[in-house]
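Peer 1: Structure: upload-v3.tsv, TSV, C-alpha atoms and all ligand atoms.
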chain	number	residue	atom	x	y	z
A	1	MET	CA	119.04	92.53	116.03
A	2	ASP	CA	120.82	92.42	112.73
A	3	LEU	CA	118.19	93.38	110.20
A	4	LEU	CA	120.42	92.71	107.28
A	5	GLY	CA	120.64	88.95	107.58
A	6	ALA	CA	123.53	86.81	106.57
A	7	GLU	CA	123.39	87.38	102.82
A	8	SER	CA	123.19	91.14	102.78
A	9	GLU	CA	126.06	92.92	101.22
A	10	LEU	CA	124.55	96.43	101.15
A	11	ALA	CA	123.57	98.68	104.05
A	12	PRO	CA	119.95	99.98	103.98
A	13	SER	CA	121.23	103.55	103.60
A	14	ALA	CA	123.09	102.55	100.44
A	15	LEU	CA	119.90	100.98	99.10
A	16	VAL	CA	117.86	104.12	99.77
A	17	GLU	CA	120.41	106.17	97.85
A	18	ASP	CA	119.56	104.03	94.85
A	19	SER	CA	116.34	105.74	93.77
A	20	ARG	CA	115.06	102.56	92.12
A	21	HIS	CA	114.95	100.70	95.44
A	22	ALA	CA	113.41	103.75	97.13
A	23	TYR	CA	110.73	104.01	94.47
A	24	PHE	CA	109.70	100.37	94.71
A	25	MET	CA	109.67	100.36	98.50
A	26	GLN	CA	107.55	103.50	98.51
A	27	GLU	CA	105.10	101.70	96.23
A	28	ALA	CA	105.04	98.82	98.73
A	29	LEU	CA	104.43	101.30	101.56
A	30	SER	CA	101.52	102.81	99.66
A	31	MET	CA	99.98	99.32	99.43
A	32	GLY	CA	100.49	99.06	103.21
A	33	GLU	CA	98.74	102.41	103.61
A	34	LYS	CA	95.83	101.03	101.58
A	35	ALA	CA	95.68	97.99	103.88
A	36	LEU	CA	95.58	100.29	106.90
A	37	GLY	CA	92.68	102.21	105.35
A	38	SER	CA	90.81	98.89	104.92
A	39	GLY	CA	91.28	97.74	108.51
A	40	GLU	CA	93.93	95.18	107.61
A	41	THR	CA	97.29	94.74	109.29
A	42	PRO	CA	99.27	97.21	107.16
A	43	VAL	CA	101.67	95.14	105.13
A	44	GLY	CA	102.14	95.91	101.44
A	45	CYS	CA	104.40	94.66	98.68
A	46	VAL	CA	105.27	94.86	95.00
A	47	LEU	CA	106.94	92.39	92.66
A	48	VAL	CA	109.42	93.87	90.22
A	49	TYR	CA	110.38	92.22	86.95
A	50	ASN	CA	112.58	94.00	84.38
A	51	ASP	CA	112.29	97.21	86.42
A	52	GLN	CA	108.50	97.13	86.22
A	53	ILE	CA	105.90	96.40	88.86
A	54	VAL	CA	104.14	93.21	87.77
A	55	GLY	CA	102.25	92.42	90.96
A	56	ARG	CA	100.97	94.35	93.98
A	57	GLY	CA	99.65	93.02	97.23
A	58	MET	CA	98.33	94.08	100.58
A	59	ASN	CA	97.30	92.03	103.54
A	60	ASP	CA	93.70	90.85	103.06
A	61	THR	CA	93.13	88.38	105.88
A	62	ASN	CA	90.36	90.23	107.77
A	63	ARG	CA	88.09	91.04	104.83
A	64	SER	CA	88.44	87.57	103.31
A	65	MET	CA	88.53	85.80	106.70
A	66	ASN	CA	91.33	83.77	105.14
A	67	GLY	CA	94.57	83.73	107.10
A	68	THR	CA	96.67	82.87	104.07
A	69	ARG	CA	95.79	86.04	102.12
A	70	HIS	CA	99.07	87.77	102.89
A	71	ALA	CA	100.35	90.58	100.66
A	72	GLU	CA	102.95	88.34	99.02
A	73	PHE	CA	100.37	85.76	97.93
A	74	LEU	CA	98.15	88.42	96.35
A	75	ALA	CA	101.08	89.90	94.44
A	76	ILE	CA	102.19	86.48	93.19
A	77	ALA	CA	98.63	85.69	92.07
A	78	GLU	CA	98.57	88.95	90.09
A	79	LEU	CA	101.89	88.17	88.43
A	80	LEU	CA	100.75	84.65	87.51
A	81	ARG	CA	97.65	86.01	85.74
A	82	THR	CA	99.96	87.47	83.06
A	83	TYR	CA	103.34	85.77	83.32
A	84	PRO	CA	104.55	82.17	83.57
A	85	ARG	CA	105.71	80.90	86.94
A	86	SER	CA	109.35	80.90	85.78
A	87	THR	CA	109.23	84.73	85.70
A	88	LEU	CA	109.57	84.70	89.49
A	89	GLN	CA	113.17	83.52	89.11
A	90	GLU	CA	113.94	86.95	87.60
A	91	THR	CA	111.67	88.90	89.95
A	92	ASP	CA	112.43	90.85	93.14
A	93	LEU	CA	110.02	91.38	96.02
A	94	TYR	CA	109.77	94.65	97.97
A	95	VAL	CA	107.69	94.18	101.11
A	96	THR	CA	107.18	96.51	104.07
A	97	VAL	CA	107.54	93.78	106.72
A	98	GLU	CA	109.84	90.77	106.64
A	99	PRO	CA	107.97	87.82	105.04
A	100	CYS	CA	106.44	85.41	107.54
A	101	VAL	CA	107.41	81.74	107.71
A	102	MET	CA	104.60	80.77	105.33
A	103	CYS	CA	105.46	83.40	102.72
A	104	ALA	CA	109.22	82.94	103.04
A	105	SER	CA	108.72	79.26	102.25
A	106	ALA	CA	106.39	79.96	99.31
A	107	LEU	CA	108.85	82.53	97.91
A	108	LYS	CA	111.53	79.89	98.03
A	109	GLN	CA	109.41	77.36	96.21
A	110	TYR	CA	108.60	79.98	93.57
A	111	ARG	CA	112.35	80.74	93.37
A	112	ILE	CA	112.09	84.45	93.93
A	113	ARG	CA	115.31	86.18	92.90
A	114	ARG	CA	115.73	88.59	95.83
A	115	VAL	CA	113.76	90.09	98.72
A	116	TYR	CA	113.92	93.62	100.13
A	117	TYR	CA	111.96	94.36	103.28
A	118	GLY	CA	111.32	97.27	105.63
A	119	CYS	CA	111.09	96.10	109.24
A	120	ALA	CA	111.83	92.74	110.78
A	121	ASN	CA	109.09	90.38	111.93
A	122	ASP	CA	110.25	89.17	115.33
A	123	ARG	CA	107.21	86.95	115.90
A	124	PHE	CA	106.66	85.21	112.56
A	125	GLY	CA	109.59	86.14	110.33
A	126	GLY	CA	110.84	83.49	107.94
A	127	THR	CA	113.93	85.30	106.64
A	128	GLY	CA	115.84	85.84	109.88
A	129	GLY	CA	113.23	87.10	112.38
A	130	VAL	CA	112.42	83.61	113.67
A	131	LEU	CA	113.54	81.10	111.01
A	132	LYS	CA	116.01	81.55	108.17
A	133	LEU	CA	114.22	79.75	105.39
A	134	HIS	CA	115.76	81.92	102.66
A	135	SER	CA	119.24	80.60	103.50
A	136	ASP	CA	118.29	77.05	104.50
A	137	PRO	CA	120.25	74.82	102.11
A	138	SER	CA	118.02	71.77	102.50
A	139	LEU	CA	115.19	72.69	100.10
A	140	ASP	CA	115.07	74.78	96.93
A	141	PRO	CA	117.70	77.39	96.01
A	142	GLN	CA	118.51	80.06	98.58
A	143	TYR	CA	117.62	83.71	97.97
A	144	PRO	CA	119.30	86.86	99.24
A	145	VAL	CA	117.43	89.17	101.60
A	146	HIS	CA	118.05	92.85	102.38
A	147	GLY	CA	116.24	94.31	105.38
A	148	GLY	CA	115.87	97.78	106.85
A	149	LEU	CA	114.80	99.64	103.71
A	150	PHE	CA	112.37	102.40	104.89
A	151	GLN	CA	112.21	100.55	108.18
A	152	LYS	CA	110.80	103.49	110.19
A	153	GLU	CA	107.98	104.08	107.72
A	154	ALA	CA	107.04	100.39	107.86
A	155	ILE	CA	107.05	100.41	111.68
A	156	MET	CA	104.96	103.59	111.81
A	157	LEU	CA	102.27	101.95	109.66
A	158	LEU	CA	102.09	99.07	112.14
A	159	ARG	CA	102.00	101.40	115.14
A	160	ARG	CA	99.14	103.41	113.63
A	161	PHE	CA	97.23	100.16	113.09
A	162	TYR	CA	97.68	98.91	116.66
A	163	ILE	CA	96.55	102.25	118.07
A	164	GLN	CA	93.37	102.07	115.96
A	165	GLU	CA	92.76	98.48	117.06
A	166	ASN	CA	93.10	99.36	120.71
A	167	GLU	CA	90.61	102.20	120.35
A	168	LYS	CA	88.09	99.72	118.93
A	169	ALA	CA	88.58	97.26	121.79
A	170	PRO	CA	85.75	96.98	124.38
A	171	ASN	CA	88.12	97.87	127.21
A	172	PRO	CA	90.67	100.22	125.70
A	173	ARG	CA	93.93	100.53	127.50
A	174	PRO	CA	94.60	103.84	129.29
A	175	LYS	CA	95.10	106.81	127.00
A	176	LYS	CA	98.77	106.97	127.77
A	177	ASN	CA	99.29	103.71	125.89
A	178	ARG	CA	97.28	104.89	122.93
A	179	GLU	CA	99.50	107.80	122.06
A	180	LEU	CA	101.39	107.23	118.86
A	181	ASN	CA	104.96	106.37	119.65
A	182	THR	CA	107.08	108.24	117.18
A	183	SER	CA	110.47	107.57	118.70
A	184	PHE	CA	113.01	105.08	117.43
A	185	GLU	CA	115.19	104.70	120.48
A	186	ASP	CA	116.80	101.31	120.85
A	187	LYS	CA	114.67	100.36	123.81
A	188	ASP	CA	111.20	100.79	122.22
B	1	ZN	ZN	103.15	85.95	105.11
In structure tokens, write the structure found in this file.

Peer 2:
Amino acid sequence: MDLLGAESELAPSALVEDSRHAYFMQEALSMGEKALGSGETPVGCVLVYNDQIVGRGMNDTNRSMNGTRHAEFLAIAELLRTYPRSTLQETDLYVTVEPCVMCASALKQYRIRRVYYGCANDRFGGTGGVLKLHSDPSLDPQYPVHGGLFQKEAIMLLRRFYIQENEKAPNPRPKKNRELNTSFEDKD
């Protein structure tokens, strides 16, 4: 699928060459790594305002038993502890996985300036994976989205998580399926 979405004007490789984007996405990945270490689905993000990280989030749905505690919501809550809501209009989000439908809608209502994500979310994505809320003209201003930034690293975090989960299951699948898939062929 086209990870870039309709509004993208830059290829992911061009974004990675910009060390600023690489730095912020690596910070998001390290939040995802922290989520993995806590038994959460490894999704991490940072909010960047005036070239500074003003909010960090990782998925927290298992620990809190609250399905709305996605990385984006935690990062926004952190930002709002210090800054007024209007700051989000000048803030960019870097998140390892495409925002889900719930978060994509919230980001729109908060008028996020721009979103950069790692891998697409084919099941729940709200910025192209399933719905295209970011570019829906009917509610709130649209926001541009750039996908595919450190995509492989974001996917590897998810794969490591699903392997761990399967090992914890009462009837683990055969070992063959538990081996970490490190390939990025088109068909996998
Ligand atoms: Zn979400």

Peer 1: Which is closest to A:Glu27 among A:Leu80, A:Ala154, A:Val145, A:Val130, if we use all atoms listed in the file?

Peer 2: A:Ala154

Peer 1: Report the closest atom pair, with its distance in Å rounded to one decimal, for each residue of chain A that has an atom no farther than 9 Å from ligand ZN 1 (chain B); count all atoms listed in the file, sort by chain and then rising residue number, and write it as a Markdown table.

Peer 2:
| residue | atom | partner | partner_atom | distance |
| --- | --- | --- | --- | --- |
| A:Asn59 | CA | B:ZN1 | ZN | 8.6 |
| A:Thr68 | CA | B:ZN1 | ZN | 7.2 |
| A:Arg69 | CA | B:ZN1 | ZN | 7.9 |
| A:His70 | CA | B:ZN1 | ZN | 5.0 |
| A:Ala71 | CA | B:ZN1 | ZN | 7.0 |
| A:Glu72 | CA | B:ZN1 | ZN | 6.5 |
| A:Phe73 | CA | B:ZN1 | ZN | 7.7 |
| A:Glu98 | CA | B:ZN1 | ZN | 8.4 |
| A:Pro99 | CA | B:ZN1 | ZN | 5.2 |
| A:Cys100 | CA | B:ZN1 | ZN | 4.1 |
| A:Val101 | CA | B:ZN1 | ZN | 6.5 |
| A:Met102 | CA | B:ZN1 | ZN | 5.4 |
| A:Cys103 | CA | B:ZN1 | ZN | 4.2 |
| A:Ala104 | CA | B:ZN1 | ZN | 7.1 |
| A:Ala106 | CA | B:ZN1 | ZN | 8.9 |
| A:Phe124 | CA | B:ZN1 | ZN | 8.3 |
| A:Gly125 | CA | B:ZN1 | ZN | 8.3 |
| A:Gly126 | CA | B:ZN1 | ZN | 8.6 |

Peer 1: Quote the spacing between atom CA of A:Tyr162 and atom CA of A:Gly148 in Å to one decimal place.

Peer 2: 20.7 Å

Peer 1: If we count all atoms listed in the file and set the cut-off at 6 Å, which residues sit around stretch 107-116 of chain A, ignoring sequence neighbours fewer than 5 positions away in its own chain? Please answer as a PDB file with C-alpha atoms, keeping the file's coordinate frame.

Peer 2:
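around.pdb was written with the following content:
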ATOM      1  CA  LEU A  88     109.570  84.700  89.490  1.00  0.00           C
ATOM      2  CA  GLN A  89     113.170  83.520  89.110  1.00  0.00           C
ATOM      3  CA  GLU A  90     113.940  86.950  87.600  1.00  0.00           C
ATOM      4  CA  THR A  91     111.670  88.900  89.950  1.00  0.00           C
ATOM      5  CA  ASP A  92     112.430  90.850  93.140  1.00  0.00           C
ATOM      6  CA  LEU A  93     110.020  91.380  96.020  1.00  0.00           C
ATOM      7  CA  TYR A  94     109.770  94.650  97.970  1.00  0.00           C
ATOM      8  CA  TYR A 143     117.620  83.710  97.970  1.00  0.00           C
ATOM      9  CA  PRO A 144     119.300  86.860  99.240  1.00  0.00           C
ATOM     10  CA  VAL A 145     117.430  89.170 101.600  1.00  0.00           C
ATOM     11  CA  HIS A 146     118.050  92.850 102.380  1.00  0.00           C
ATOM     12  CA  GLY A 147     116.240  94.310 105.380  1.00  0.00           C
TER      13      GLY A 147
END

Peer 1: Calculated over only C-alpha atoms, which of the candidates A:Val16, A:Arg160, A:Glu78, A:Ser135 has the smallest distance to A:Ala35?

Peer 2: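 Once distances to A:Ala35 are computed over only C-alpha atoms, the minimum belongs to A:Arg160.
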
Peer 1: With a distance cut-off of 8 Å and only C-alpha atoms, select the neighbouring residues of stretch 30-32 of chain A, excluding the residue or stretch itself and same-chain residues fewer than 3 positions from it, and output the selection as a VMD selection string.

Peer 2: chain A and resid 26 to 27 35 to 36 42 to 45 56 to 59 96 157

Peer 1: Here is a test: counting only C-alpha atoms, which residue of A:Asn181, A:Thr41, A:Thr82, A:Asn171 is nearest to A:Val54?

Peer 2: A:Thr82

Peer 1: For atom CA of A:Asn62 and atom CA of A:Lys152, determine how far apart the two atoms are, in Å to one decimal place.

Peer 2: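 We find that atom CA of A:Asn62 and atom CA of A:Lys152 lie 24.5 Å from each other.
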
Peer 1: Name the closest residue to A:Gly37 among the candidates A:Phe150, A:Phe161, A:Phe184, A:Tyr49; distances are taken between atoms, counting all atoms listed in the file.

Peer 2: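 With all atoms listed in the file as the atom set, the closest residue is A:Phe161.
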
Peer 1: Grab the atom CA of A:Ser138 to atom CA of A:Ser86 distance for me, in Å with one decimal place.

Peer 2: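 Answer for the atom CA of A:Ser138 to atom CA of A:Ser86 separation: 20.9 Å.
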
Peer 1: Of the candidates A:Val46, A:Asn121, A:Gln164, A:Ser183, which shows the shortest atom-to-atom distance to A:Phe24, using all atoms listed in the file?

Peer 2: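 Answer, going by the shortest atom-to-atom distance: A:Val46.
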
Peer 1: Using all atoms listed in the file, which of A:Cys119, A:Leu149, A:Leu131, A:Ala77 sits nearest A:Met25?

Peer 2: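 Looking at the shortest contact to A:Met25, the residue is A:Leu149.
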